[in-house]
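Okay, work04.cif now, which holds mmCIF, C-alpha atoms:
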```
data_start
#
loop_
_atom_site.group_PDB
_atom_site.id
_atom_site.type_symbol
_atom_site.label_atom_id
_atom_site.label_comp_id
_atom_site.auth_asym_id
_atom_site.auth_seq_id
_atom_site.Cartn_x
_atom_site.Cartn_y
_atom_site.Cartn_z
ATOM 1 C CA MET A 1 -8.822 3.697 -13.422
ATOM 2 C CA PRO A 2 -5.446 2.010 -12.881
ATOM 3 C CA VAL A 3 -5.555 -1.394 -11.182
ATOM 4 C CA VAL A 4 -2.508 -3.308 -9.944
ATOM 5 C CA ALA A 5 -2.707 -6.850 -8.573
ATOM 6 C CA VAL A 6 -0.102 -8.691 -6.517
ATOM 7 C CA VAL A 7 -0.103 -12.349 -7.508
ATOM 8 C CA ASN A 8 1.769 -15.484 -6.524
ATOM 9 C CA ARG A 9 0.319 -18.969 -6.042
ATOM 10 C CA LYS A 10 2.687 -19.757 -3.189
ATOM 11 C CA GLY A 11 1.892 -18.574 0.320
ATOM 12 C CA GLY A 12 4.485 -16.616 2.268
ATOM 13 C CA SER A 13 5.888 -14.855 -0.770
ATOM 14 C CA GLY A 14 5.346 -11.348 0.614
ATOM 15 C CA LYS A 15 2.175 -10.470 -1.313
ATOM 16 C CA SER A 16 0.535 -8.537 1.524
ATOM 17 C CA THR A 17 3.719 -6.626 2.354
ATOM 18 C CA LEU A 18 4.047 -5.602 -1.269
ATOM 19 C CA ALA A 19 0.353 -4.727 -1.651
ATOM 20 C CA THR A 20 0.174 -2.590 1.497
ATOM 21 C CA HIS A 21 3.319 -0.688 0.536
ATOM 22 C CA LEU A 22 2.057 -0.054 -2.994
ATOM 23 C CA ALA A 23 -1.205 1.309 -1.596
ATOM 24 C CA ALA A 24 0.592 3.531 0.933
ATOM 25 C CA TRP A 25 2.956 4.858 -1.731
ATOM 26 C CA MET A 26 0.034 5.861 -3.930
ATOM 27 C CA ALA A 27 -1.775 7.429 -0.976
ATOM 28 C CA HIS A 28 1.299 9.552 -0.258
ATOM 29 C CA GLN A 29 1.276 10.707 -3.884
ATOM 30 C CA GLY A 30 -2.214 12.126 -3.426
ATOM 31 C CA CYS A 31 -4.148 9.228 -4.935
ATOM 32 C CA ARG A 32 -7.467 8.119 -3.507
ATOM 33 C CA VAL A 33 -6.497 4.459 -3.384
ATOM 34 C CA MET A 34 -8.432 1.365 -2.395
ATOM 35 C CA LEU A 35 -6.638 -1.715 -1.066
ATOM 36 C CA GLY A 36 -8.879 -4.735 -1.566
ATOM 37 C CA ASP A 37 -8.491 -8.420 -0.860
ATOM 38 C CA VAL A 38 -9.563 -10.718 -3.680
ATOM 39 C CA ASP A 39 -10.312 -13.197 -0.917
ATOM 40 C CA ARG A 40 -13.124 -13.845 1.547
ATOM 41 C CA GLN A 41 -10.815 -13.646 4.565
ATOM 42 C CA GLN A 42 -10.099 -9.962 3.878
ATOM 43 C CA SER A 43 -6.745 -10.065 5.698
ATOM 44 C CA THR A 44 -5.708 -6.495 4.927
ATOM 45 C CA ARG A 45 -8.702 -5.125 6.848
ATOM 46 C CA THR A 46 -6.821 -5.823 10.080
ATOM 47 C CA TRP A 47 -3.854 -3.807 8.822
ATOM 48 C CA LEU A 48 -6.074 -0.955 7.643
ATOM 49 C CA LYS A 49 -7.819 -0.750 11.026
ATOM 50 C CA ARG A 50 -4.442 -0.166 12.688
ATOM 51 C CA ARG A 51 -3.574 2.871 10.565
ATOM 52 C CA VAL A 52 -3.610 6.150 12.449
ATOM 53 C CA ALA A 53 -5.154 9.427 11.336
ATOM 54 C CA SER A 54 -1.776 11.134 10.941
ATOM 55 C CA VAL A 55 -0.870 9.116 7.811
ATOM 56 C CA PRO A 56 -2.639 9.224 4.428
ATOM 57 C CA SER A 57 -5.793 7.159 4.441
ATOM 58 C CA ILE A 58 -6.274 4.024 2.367
ATOM 59 C CA LEU A 59 -9.777 2.857 1.543
ATOM 60 C CA HIS A 60 -11.344 -0.595 1.533
ATOM 61 C CA TRP A 61 -14.476 -2.237 0.232
ATOM 62 C CA THR A 62 -17.575 -0.758 1.878
ATOM 63 C CA LEU A 63 -20.881 -2.423 2.756
ATOM 64 C CA ASP A 64 -24.102 -0.959 1.367
ATOM 65 C CA GLN A 65 -27.659 -1.231 2.704
ATOM 66 C CA LYS A 66 -28.153 -4.502 0.850
ATOM 67 C CA ASN A 67 -25.163 -6.065 2.601
ATOM 68 C CA ILE A 68 -23.097 -6.035 -0.598
ATOM 69 C CA LEU A 69 -19.441 -5.040 -0.806
ATOM 70 C CA LYS A 70 -18.758 -2.005 -2.982
ATOM 71 C CA PRO A 71 -15.822 0.374 -3.488
ATOM 72 C CA PRO A 72 -15.939 3.781 -1.802
ATOM 73 C CA ALA A 73 -16.930 6.754 -3.928
ATOM 74 C CA GLY A 74 -14.180 8.672 -5.680
ATOM 75 C CA VAL A 75 -11.579 5.898 -5.818
ATOM 76 C CA THR A 76 -8.869 6.696 -8.397
ATOM 77 C CA HIS A 77 -6.510 3.716 -7.993
ATOM 78 C CA VAL A 78 -6.931 0.103 -6.904
ATOM 79 C CA VAL A 79 -4.445 -2.357 -5.377
ATOM 80 C CA LEU A 80 -5.574 -5.990 -5.149
ATOM 81 C CA ASP A 81 -3.997 -8.483 -2.757
ATOM 82 C CA THR A 82 -4.736 -12.003 -3.985
ATOM 83 C CA PRO A 83 -4.884 -15.400 -2.271
ATOM 84 C CA GLY A 84 -2.416 -18.216 -2.801
ATOM 85 C CA GLY A 85 -3.290 -20.886 -5.333
ATOM 86 C CA LEU A 86 -4.893 -18.474 -7.798
ATOM 87 C CA GLN A 87 -4.933 -20.093 -11.238
ATOM 88 C CA GLY A 88 -7.098 -21.134 -14.158
ATOM 89 C CA PHE A 89 -10.358 -19.281 -14.710
ATOM 90 C CA ASP A 90 -9.988 -17.236 -11.514
ATOM 91 C CA LEU A 91 -6.549 -15.995 -12.574
ATOM 92 C CA SER A 92 -7.818 -15.217 -16.065
ATOM 93 C CA ARG A 93 -10.647 -13.105 -14.688
ATOM 94 C CA LEU A 94 -8.174 -11.205 -12.526
ATOM 95 C CA VAL A 95 -6.075 -10.416 -15.599
ATOM 96 C CA MET A 96 -9.155 -8.846 -17.186
ATOM 97 C CA GLN A 97 -9.294 -6.420 -14.243
ATOM 98 C CA ALA A 98 -5.630 -5.454 -14.012
ATOM 99 C CA ASP A 99 -3.382 -2.956 -15.760
ATOM 100 C CA ALA A 100 -0.313 -4.393 -14.004
ATOM 101 C CA ILE A 101 0.472 -7.595 -12.136
ATOM 102 C CA VAL A 102 3.403 -7.775 -9.740
ATOM 103 C CA ILE A 103 4.805 -11.205 -8.858
ATOM 104 C CA PRO A 104 6.730 -11.242 -5.561
ATOM 105 C CA VAL A 105 9.215 -14.096 -5.307
ATOM 106 C CA CYS A 106 11.645 -15.184 -2.614
ATOM 107 C CA ASN A 107 14.988 -16.756 -3.463
ATOM 108 C CA SER A 108 14.397 -20.457 -3.092
ATOM 109 C CA LEU A 109 13.892 -23.241 -5.619
ATOM 110 C CA PHE A 110 10.285 -23.745 -4.540
ATOM 111 C CA ASP A 111 9.466 -20.042 -4.748
ATOM 112 C CA ARG A 112 11.109 -19.653 -8.146
ATOM 113 C CA ASP A 113 9.341 -22.715 -9.571
ATOM 114 C CA SER A 114 5.958 -21.496 -8.309
ATOM 115 C CA ALA A 115 6.519 -18.015 -9.707
ATOM 116 C CA ALA A 116 7.665 -19.427 -13.048
ATOM 117 C CA ALA A 117 4.518 -21.546 -13.390
ATOM 118 C CA CYS A 118 2.367 -18.523 -12.560
ATOM 119 C CA HIS A 119 4.270 -16.383 -15.068
ATOM 120 C CA ASP A 120 3.876 -18.981 -17.821
ATOM 121 C CA GLU A 121 0.120 -19.122 -17.291
ATOM 122 C CA LEU A 122 -0.159 -15.345 -17.247
ATOM 123 C CA MET A 123 1.824 -15.008 -20.466
ATOM 124 C CA ALA A 124 -0.715 -17.248 -22.217
ATOM 125 C CA HIS A 125 -3.410 -14.621 -21.645
ATOM 126 C CA PRO A 126 -3.921 -12.251 -24.620
ATOM 127 C CA ARG A 127 -3.971 -9.124 -22.442
ATOM 128 C CA VAL A 128 -0.581 -10.011 -20.966
ATOM 129 C CA ALA A 129 0.955 -11.263 -24.200
ATOM 130 C CA SER A 130 -0.014 -8.020 -25.954
ATOM 131 C CA GLY A 131 1.307 -5.825 -23.136
ATOM 132 C CA ARG A 132 -2.079 -4.381 -22.206
ATOM 133 C CA CYS A 133 -1.585 -5.909 -18.751
ATOM 134 C CA GLN A 134 2.069 -5.601 -17.796
ATOM 135 C CA LEU A 135 4.000 -7.999 -15.571
ATOM 136 C CA GLY A 136 6.911 -7.425 -13.242
ATOM 137 C CA VAL A 137 8.866 -9.595 -10.798
ATOM 138 C CA VAL A 138 10.064 -8.270 -7.435
ATOM 139 C CA GLY A 139 12.506 -10.178 -5.243
ATOM 140 C CA MET A 140 11.302 -10.318 -1.640
ATOM 141 C CA ARG A 141 13.074 -10.874 1.678
ATOM 142 C CA ILE A 142 16.503 -10.915 0.083
ATOM 143 C CA ASP A 143 19.426 -11.348 2.469
ATOM 144 C CA ALA A 144 21.864 -8.575 1.564
ATOM 145 C CA ARG A 145 24.784 -10.755 2.714
ATOM 146 C CA THR A 146 24.131 -13.300 -0.038
ATOM 147 C CA ARG A 147 23.987 -13.351 -3.832
ATOM 148 C CA GLY A 148 20.207 -13.720 -3.667
ATOM 149 C CA ALA A 149 19.485 -10.572 -5.654
ATOM 150 C CA GLU A 150 21.903 -11.574 -8.401
ATOM 151 C CA VAL A 151 20.530 -15.124 -8.549
ATOM 152 C CA LEU A 152 16.953 -13.880 -8.876
ATOM 153 C CA GLN A 153 17.863 -11.345 -11.521
ATOM 154 C CA GLN A 154 19.671 -13.961 -13.602
ATOM 155 C CA TRP A 155 16.776 -16.392 -13.172
ATOM 156 C CA ALA A 156 14.222 -13.789 -14.267
ATOM 157 C CA HIS A 157 16.392 -12.789 -17.242
ATOM 158 C CA SER A 158 16.709 -16.426 -18.350
ATOM 159 C CA ARG A 159 12.896 -16.673 -18.464
ATOM 160 C CA ALA A 160 12.380 -13.272 -20.125
ATOM 161 C CA MET A 161 10.622 -11.927 -17.028
ATOM 162 C CA PRO A 162 10.740 -8.154 -16.424
ATOM 163 C CA PHE A 163 12.717 -7.815 -13.183
ATOM 164 C CA TRP A 164 11.683 -4.717 -11.211
ATOM 165 C CA GLY A 165 14.123 -4.948 -8.312
ATOM 166 C CA VAL A 166 14.491 -6.478 -4.858
ATOM 167 C CA LEU A 167 13.523 -5.670 -1.284
ATOM 168 C CA ARG A 168 15.782 -6.808 1.513
ATOM 169 C CA GLU A 169 14.752 -8.881 4.507
ATOM 170 C CA ALA A 170 14.437 -6.519 7.466
ATOM 171 C CA GLN A 171 12.554 -6.412 10.759
ATOM 172 C CA ILE A 172 11.318 -2.921 9.947
ATOM 173 C CA TYR A 173 8.749 -4.494 7.614
ATOM 174 C CA VAL A 174 7.437 -6.673 10.435
ATOM 175 C CA ARG A 175 7.238 -3.773 12.885
ATOM 176 C CA THR A 176 5.475 -1.434 10.476
ATOM 177 C CA VAL A 177 2.838 -4.010 9.543
ATOM 178 C CA GLU A 178 2.040 -4.554 13.227
ATOM 179 C CA ASN A 179 1.178 -0.851 13.483
ATOM 180 C CA GLY A 180 -0.747 -0.463 10.238
ATOM 181 C CA LEU A 181 2.147 1.419 8.648
ATOM 182 C CA THR A 182 4.669 1.091 5.829
ATOM 183 C CA LEU A 183 8.141 2.459 5.219
ATOM 184 C CA PHE A 184 6.522 5.338 3.329
ATOM 185 C CA ASP A 185 4.820 6.447 6.555
ATOM 186 C CA LEU A 186 8.127 6.726 8.447
ATOM 187 C CA PRO A 187 10.816 9.449 8.375
ATOM 188 C CA ALA A 188 12.706 8.952 5.125
ATOM 189 C CA ALA A 189 16.150 9.685 6.572
ATOM 190 C CA ALA A 190 15.985 6.698 8.903
ATOM 191 C CA HIS A 191 15.321 4.211 6.085
ATOM 192 C CA ALA A 192 17.067 5.739 3.089
ATOM 193 C CA ALA A 193 18.607 2.464 1.894
ATOM 194 C CA ASP A 194 15.264 0.646 1.881
ATOM 195 C CA LEU A 195 13.486 3.540 0.200
ATOM 196 C CA GLN A 196 16.162 3.539 -2.484
ATOM 197 C CA GLN A 197 15.268 -0.088 -3.225
ATOM 198 C CA TRP A 198 11.616 0.937 -3.461
ATOM 199 C CA GLN A 199 12.427 3.695 -5.948
ATOM 200 C CA VAL A 200 13.780 1.047 -8.326
ATOM 201 C CA VAL A 201 10.694 -1.150 -7.861
ATOM 202 C CA LEU A 202 8.237 1.721 -8.293
ATOM 203 C CA ALA A 203 9.847 3.301 -11.355
ATOM 204 C CA PRO A 204 8.145 1.027 -13.937
ATOM 205 C CA LEU A 205 4.810 1.252 -12.101
ATOM 206 C CA ALA A 206 4.610 5.054 -12.091
ATOM 207 C CA SER A 207 3.556 5.368 -15.720
ATOM 208 C CA ILE A 208 1.356 2.268 -15.681
ATOM 209 C CA LEU A 209 -0.586 3.559 -12.674
ATOM 210 C CA ARG A 210 -0.664 7.100 -14.034
ATOM 211 C CA VAL A 211 1.186 8.643 -11.116
ATOM 212 C CA GLY A 212 3.044 11.721 -12.352
ATOM 213 C CA ALA A 213 6.764 12.254 -11.867
ATOM 214 C CA SER A 214 5.958 15.269 -9.695
ATOM 215 C CA GLY A 215 4.424 12.961 -7.121
ATOM 216 C CA LEU A 216 0.826 13.982 -7.802
ATOM 217 C CA ARG A 217 -1.649 11.628 -9.371
ATOM 218 C CA VAL A 218 -2.844 12.174 -12.905
ATOM 219 C CA PRO A 219 -6.662 12.525 -12.562
ATOM 220 C CA CYS A 220 -8.678 9.739 -14.116
ATOM 221 C CA ASP A 221 -11.864 10.302 -16.079
ATOM 222 C CA GLU A 222 -14.622 12.041 -14.172
ATOM 223 C CA GLY A 223 -17.411 9.769 -13.091
ATOM 224 C CA ALA A 224 -15.300 6.635 -13.408
ATOM 225 C CA THR A 225 -16.474 3.879 -11.105
ATOM 226 C CA ILE A 226 -15.542 0.293 -10.432
ATOM 227 C CA GLU A 227 -17.881 -2.630 -10.151
ATOM 228 C CA PRO A 228 -16.676 -4.944 -7.385
ATOM 229 C CA PRO A 229 -17.885 -8.488 -6.798
ATOM 230 C CA VAL A 230 -21.163 -9.150 -5.010
ATOM 231 C CA MET A 231 -20.539 -10.556 -1.554
ATOM 232 C CA THR A 232 -21.859 -10.351 1.986
ATOM 233 C CA GLU A 233 -19.924 -8.920 4.957
ATOM 234 C CA PRO A 234 -16.653 -10.893 5.244
ATOM 235 C CA ALA A 235 -15.532 -12.606 8.413
ATOM 236 C CA GLN A 236 -13.269 -10.701 10.798
ATOM 237 C CA PRO A 237 -9.728 -12.101 10.472
ATOM 238 C CA ASP A 238 -9.512 -13.076 14.151
ATOM 239 C CA THR A 239 -12.733 -15.133 14.098
ATOM 240 C CA PRO A 240 -12.961 -16.749 10.652
ATOM 241 C CA SER A 241 -14.725 -19.851 11.984
ATOM 242 C CA GLN A 242 -17.691 -17.752 13.162
ATOM 243 C CA ALA A 243 -18.370 -16.204 9.763
ATOM 244 C CA PRO A 244 -21.987 -16.552 8.593
ATOM 245 C CA ALA A 245 -22.595 -18.305 5.311
ATOM 246 C CA PRO A 246 -22.732 -15.767 2.497
ATOM 247 C CA ILE A 247 -26.177 -14.923 1.163
ATOM 248 C CA LEU A 248 -25.786 -14.323 -2.538
ATOM 249 C CA PRO A 249 -28.289 -13.811 -5.319
ATOM 250 C CA ALA A 250 -28.482 -16.884 -7.530
ATOM 251 C CA ARG A 251 -26.754 -15.223 -10.503
ATOM 252 C CA ALA A 252 -23.982 -13.790 -8.338
ATOM 253 C CA ALA A 253 -23.466 -17.110 -6.584
ATOM 254 C CA ALA A 254 -22.994 -18.788 -9.953
ATOM 255 C CA LEU A 255 -20.253 -16.311 -10.795
ATOM 256 C CA MET A 256 -18.280 -16.870 -7.603
ATOM 257 C CA PRO A 257 -15.165 -19.029 -8.210
ATOM 258 C CA ALA A 258 -14.946 -22.330 -6.399
ATOM 259 C CA GLN A 259 -12.099 -21.192 -4.128
ATOM 260 C CA GLY A 260 -14.019 -18.130 -2.981
ATOM 261 C CA THR A 261 -12.116 -15.301 -4.601
ATOM 262 C CA LEU A 262 -13.811 -11.972 -5.124
ATOM 263 C CA VAL A 263 -13.071 -11.053 -8.714
ATOM 264 C CA HIS A 264 -15.708 -11.626 -11.360
ATOM 265 C CA GLY A 265 -17.037 -9.850 -14.394
ATOM 266 C CA ASP A 266 -15.078 -8.624 -17.374
ATOM 267 C CA ARG A 267 -13.399 -5.473 -16.108
ATOM 268 C CA PHE A 268 -13.558 -2.721 -13.530
ATOM 269 C CA ALA A 269 -15.680 -0.041 -15.212
ATOM 270 C CA GLY A 270 -13.791 3.202 -15.713
ATOM 271 C CA SER A 271 -10.434 1.647 -16.468
ATOM 272 C CA ARG A 272 -9.123 1.150 -19.949
ATOM 273 C CA ALA A 273 -11.069 -0.987 -22.414
ATOM 274 C CA SER A 274 -10.727 -4.690 -21.840
ATOM 275 C CA GLY A 275 -8.990 -6.913 -24.304
#
```
Would it be possible to restate this file's structure as C-alpha cells?
Amino acid sequence: MPVVAVVNRKGGSGKSTLATHLAAWMAHQGCRVMLGDVDRQQSTRTWLKRRVASVPSILHWTLDQKNILKPPAGVTHVVLDTPGGLQGFDLSRLVMQADAIVIPVCNSLFDRDSAAACHDELMAHPRVASGRCQLGVVGMRIDARTRGAEVLQQWAHSRAMPFWGVLREAQIYVRTVENGLTLFDLPAAAHAADLQQWQVVLAPLASILRVGASGLRVPCDEGATIEPPVMTEPAQPDTPSQAPAPILPARAAALMPAQGTLVHGDRFAGSRASG
C-alpha cells in the first residue's frame, strides 16, 4: 500500500501541517487512510481527536489486547509524520517503508541548510537514488509579499531537488488545526487561492499514492496489511511527563532506535517490494 512520509530534521518546518493535510486530502478522495506519528509523543492524536463526524475520518494506530500498537484493519494509504532530528539508521529504516518522502522547508538560511543536509543523506540511499522512493520539496509558510517562493524554487533547482510547490503563510492553517480540520474540510469557494496552491503540490503525489484522477482511490491488493512497530500505549500529548515506561519484548526493545522513533523492520507488508 502507498506510504508517504513527511521528513525534516529541523523543528517548526510545518511537518504536521503538511501531514494532516495530506491525510485529509486522501480521506476526501475515498481512501481509508491512517495518519501515524513515527514518534512516541504521538502529537497528531490530539488533532485527530478534535475531528468531527461530519468530515471524512482519518485513522490512527490502534491498541490491541497485548497493549501493542497496530494499524486499523482495511487501511489503504499511510501518512507518517516524523520527529525532528531524524537521521542515520533511523532515517534509512524510514526510507525502506516509504514510497514518497516530502520535505517541507521554510525560506530561511537555517531551514534551507537543514533541508539540504537531509536531502543529501536521503539521496545516498539506494531506494531514493533509483527512484523507488521519490522525493519532493514543498515551501512552507511563504509570505506572498516577498520573493520567498522564487528564492526557494531557485535554491531547490540549484541542488537538483524536485520542487513541488509552495504554501503561503496564513492564519487559516492555525485555525483549522485547532479544530481538527484542514483546508480540504472547508468550503472550497472561501479558500480557492490556497486550494490552488495545494493542487500544484498534490499533482506529483497523485500517481505515487495511487489516487486516480477521478478523485477515487485505486484499490490496493486485497488482504494487504502493514506491520507497525511494537510499542506500548503512548503518552497523551498534554501529560507527557506522566507516561509509563514502555514494556517491550526483548527483541522488540533491541529494534527500537535510540531516539524513540516508531519505525523498524524492512518494509510495511502489502506495499511494493523493498529495495
Quick one: apply the PyMOL selection byres ((chain A and resi 8) around 8) to the file and drop the selected residues here as a PDB file with C-alpha atoms, in the coordinates of the input.
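Saved the output as selection-v6.pdb:
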```pdb
ATOM      1  CA  VAL A   6      -0.102  -8.691  -6.517  1.00  0.00           C
ATOM      2  CA  VAL A   7      -0.103 -12.349  -7.508  1.00  0.00           C
ATOM      3  CA  ARG A   9       0.319 -18.969  -6.042  1.00  0.00           C
ATOM      4  CA  LYS A  10       2.687 -19.757  -3.189  1.00  0.00           C
ATOM      5  CA  GLY A  11       1.892 -18.574   0.320  1.00  0.00           C
ATOM      6  CA  SER A  13       5.888 -14.855  -0.770  1.00  0.00           C
ATOM      7  CA  LYS A  15       2.175 -10.470  -1.313  1.00  0.00           C
ATOM      8  CA  THR A  82      -4.736 -12.003  -3.985  1.00  0.00           C
ATOM      9  CA  PRO A  83      -4.884 -15.400  -2.271  1.00  0.00           C
ATOM     10  CA  GLY A  84      -2.416 -18.216  -2.801  1.00  0.00           C
ATOM     11  CA  GLY A  85      -3.290 -20.886  -5.333  1.00  0.00           C
ATOM     12  CA  LEU A  86      -4.893 -18.474  -7.798  1.00  0.00           C
ATOM     13  CA  ILE A 103       4.805 -11.205  -8.858  1.00  0.00           C
ATOM     14  CA  PRO A 104       6.730 -11.242  -5.561  1.00  0.00           C
ATOM     15  CA  VAL A 105       9.215 -14.096  -5.307  1.00  0.00           C
ATOM     16  CA  SER A 114       5.958 -21.496  -8.309  1.00  0.00           C
ATOM     17  CA  ALA A 115       6.519 -18.015  -9.707  1.00  0.00           C
ATOM     18  CA  CYS A 118       2.367 -18.523 -12.560  1.00  0.00           C
TER      19      CYS A 118
END
```
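Relative to atom CA of A:His157, atom CA of A:Ala170 is found at 25.6 Å.
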Proximity to A:Pro126 - best of A:Ala192, A:Ser92, A:Glu178, A:Arg32, only C-alpha atoms: A:Ser92
Atom CA of A:Thr44 to atom CA of A:Arg112, distance in Å rounded to a single decimal: 25.0 Å
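Put simply, atom CA of A:Val137 is 28.6 Å away from atom CA of A:Arg50.
The shortest atom-to-atom distance to A:His28, with only C-alpha atoms taken into account, belongs to A:Thr182 out of A:Thr182, A:Ser158, A:Ser207, A:Gln196.
The nearest approach to A:Pro56 among the residues A:Met123, A:Leu186, A:Arg147, A:Val102, with only C-alpha atoms taken into account, belongs to A:Leu186.
Ranking A:Trp25, A:Gly131, A:Gln154, A:Ser108 by their shortest atom-to-atom distance to A:Ala203, with all atoms listed in the file included, puts A:Trp25 first.
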Minimum-distance residue to A:Asp111, chosen among A:Arg141, A:Arg93, A:Lys70, A:His125 (using all atoms listed in the file): A:Arg141
Residues within 8 Å of A:Asn107, only C-alpha atoms, excluding chain neighbours under 2 positions, as a PyMOL selection string: chain A and resi 105+109+111-112+139-140+142+148-149+151-152
Output of the above residues as a compact mmCIF listing (two decimals), in the frame of the given file, restricted to C-alpha atoms:
```
# COMPACT_ATOMS: atom_id res chain seq x y z
CA VAL A 105 9.22 -14.10 -5.31
CA LEU A 109 13.89 -23.24 -5.62
CA ASP A 111 9.47 -20.04 -4.75
CA ARG A 112 11.11 -19.65 -8.15
CA GLY A 139 12.51 -10.18 -5.24
CA MET A 140 11.30 -10.32 -1.64
CA ILE A 142 16.50 -10.92 0.08
CA GLY A 148 20.21 -13.72 -3.67
CA ALA A 149 19.48 -10.57 -5.65
CA VAL A 151 20.53 -15.12 -8.55
CA LEU A 152 16.95 -13.88 -8.88
```
Spatial neighbours of A:Gly180, 7 Å, all atoms listed in the file, chain gap at least 4 places, as an MDAnalysis selection string: chainID A and resid 47:48 50:51 176
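Of the residues listed (A:Gly88, A:Pro72, A:Gly136, A:Gly14), A:Pro72 shows the shortest atom-to-atom separation from A:Leu35; distances use all atoms listed in the file.
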Final N, CA and C atoms of stretch 81-102 of chain A as a PDB file, in the frame of the given file:
```pdb
ATOM      1  N   ASP A  81      -4.812  -7.453  -3.384  1.00  0.00           N
ATOM      2  CA  ASP A  81      -3.997  -8.483  -2.757  1.00  0.00           C
ATOM      3  C   ASP A  81      -4.718  -9.807  -2.976  1.00  0.00           C
ATOM      4  N   THR A  82      -4.059 -10.775  -3.565  1.00  0.00           N
ATOM      5  CA  THR A  82      -4.736 -12.003  -3.985  1.00  0.00           C
ATOM      6  C   THR A  82      -4.349 -13.193  -3.114  1.00  0.00           C
ATOM      7  N   PRO A  83      -5.199 -14.213  -3.081  1.00  0.00           N
ATOM      8  CA  PRO A  83      -4.884 -15.400  -2.271  1.00  0.00           C
ATOM      9  C   PRO A  83      -3.896 -16.310  -2.974  1.00  0.00           C
ATOM     10  N   GLY A  84      -3.278 -17.207  -2.211  1.00  0.00           N
ATOM     11  CA  GLY A  84      -2.416 -18.216  -2.801  1.00  0.00           C
ATOM     12  C   GLY A  84      -3.242 -19.207  -3.603  1.00  0.00           C
ATOM     13  N   GLY A  85      -2.607 -19.868  -4.552  1.00  0.00           N
ATOM     14  CA  GLY A  85      -3.290 -20.886  -5.333  1.00  0.00           C
ATOM     15  C   GLY A  85      -4.137 -20.351  -6.469  1.00  0.00           C
ATOM     16  N   LEU A  86      -4.069 -19.056  -6.751  1.00  0.00           N
ATOM     17  CA  LEU A  86      -4.893 -18.474  -7.798  1.00  0.00           C
ATOM     18  C   LEU A  86      -4.415 -18.957  -9.165  1.00  0.00           C
ATOM     19  N   GLN A  87      -5.311 -19.577  -9.929  1.00  0.00           N
ATOM     20  CA  GLN A  87      -4.933 -20.093 -11.238  1.00  0.00           C
ATOM     21  C   GLN A  87      -6.182 -20.332 -12.076  1.00  0.00           C
ATOM     22  N   GLY A  88      -5.982 -20.779 -13.301  1.00  0.00           N
ATOM     23  CA  GLY A  88      -7.098 -21.134 -14.158  1.00  0.00           C
ATOM     24  C   GLY A  88      -8.036 -19.972 -14.441  1.00  0.00           C
ATOM     25  N   PHE A  89      -9.335 -20.262 -14.379  1.00  0.00           N
ATOM     26  CA  PHE A  89     -10.358 -19.281 -14.710  1.00  0.00           C
ATOM     27  C   PHE A  89     -10.315 -18.086 -13.770  1.00  0.00           C
ATOM     28  N   ASP A  90     -10.052 -18.332 -12.482  1.00  0.00           N
ATOM     29  CA  ASP A  90      -9.988 -17.236 -11.514  1.00  0.00           C
ATOM     30  C   ASP A  90      -8.838 -16.280 -11.850  1.00  0.00           C
ATOM     31  N   LEU A  91      -7.692 -16.839 -12.204  1.00  0.00           N
ATOM     32  CA  LEU A  91      -6.549 -15.995 -12.574  1.00  0.00           C
ATOM     33  C   LEU A  91      -6.842 -15.224 -13.858  1.00  0.00           C
ATOM     34  N   SER A  92      -7.484 -15.882 -14.811  1.00  0.00           N
ATOM     35  CA  SER A  92      -7.818 -15.217 -16.065  1.00  0.00           C
ATOM     36  C   SER A  92      -8.757 -14.042 -15.843  1.00  0.00           C
ATOM     37  N   ARG A  93      -9.723 -14.197 -14.969  1.00  0.00           N
ATOM     38  CA  ARG A  93     -10.647 -13.105 -14.688  1.00  0.00           C
ATOM     39  C   ARG A  93      -9.937 -11.946 -13.987  1.00  0.00           C
ATOM     40  N   LEU A  94      -8.949 -12.264 -13.160  1.00  0.00           N
ATOM     41  CA  LEU A  94      -8.174 -11.205 -12.526  1.00  0.00           C
ATOM     42  C   LEU A  94      -7.396 -10.400 -13.566  1.00  0.00           C
ATOM     43  N   VAL A  95      -6.816 -11.098 -14.541  1.00  0.00           N
ATOM     44  CA  VAL A  95      -6.075 -10.416 -15.599  1.00  0.00           C
ATOM     45  C   VAL A  95      -6.972  -9.416 -16.321  1.00  0.00           C
ATOM     46  N   MET A  96      -8.231  -9.752 -16.507  1.00  0.00           N
ATOM     47  CA  MET A  96      -9.155  -8.846 -17.186  1.00  0.00           C
ATOM     48  C   MET A  96      -9.388  -7.573 -16.384  1.00  0.00           C
ATOM     49  N   GLN A  97      -9.103  -7.595 -15.088  1.00  0.00           N
ATOM     50  CA  GLN A  97      -9.294  -6.420 -14.243  1.00  0.00           C
ATOM     51  C   GLN A  97      -8.050  -5.535 -14.176  1.00  0.00           C
ATOM     52  N   ALA A  98      -6.880  -6.117 -14.404  1.00  0.00           N
ATOM     53  CA  ALA A  98      -5.630  -5.454 -14.012  1.00  0.00           C
ATOM     54  C   ALA A  98      -4.928  -4.753 -15.172  1.00  0.00           C
ATOM     55  N   ASP A  99      -4.290  -3.638 -14.845  1.00  0.00           N
ATOM     56  CA  ASP A  99      -3.382  -2.956 -15.760  1.00  0.00           C
ATOM     57  C   ASP A  99      -1.946  -3.423 -15.545  1.00  0.00           C
ATOM     58  N   ALA A 100      -1.650  -3.889 -14.326  1.00  0.00           N
ATOM     59  CA  ALA A 100      -0.313  -4.393 -14.004  1.00  0.00           C
ATOM     60  C   ALA A 100      -0.443  -5.509 -12.972  1.00  0.00           C
ATOM     61  N   ILE A 101       0.408  -6.500 -13.105  1.00  0.00           N
ATOM     62  CA  ILE A 101       0.472  -7.595 -12.136  1.00  0.00           C
ATOM     63  C   ILE A 101       1.915  -7.701 -11.657  1.00  0.00           C
ATOM     64  N   VAL A 102       2.082  -7.656 -10.342  1.00  0.00           N
ATOM     65  CA  VAL A 102       3.403  -7.775  -9.740  1.00  0.00           C
ATOM     66  C   VAL A 102       3.506  -9.149  -9.093  1.00  0.00           C
TER      67      VAL A 102
END
```
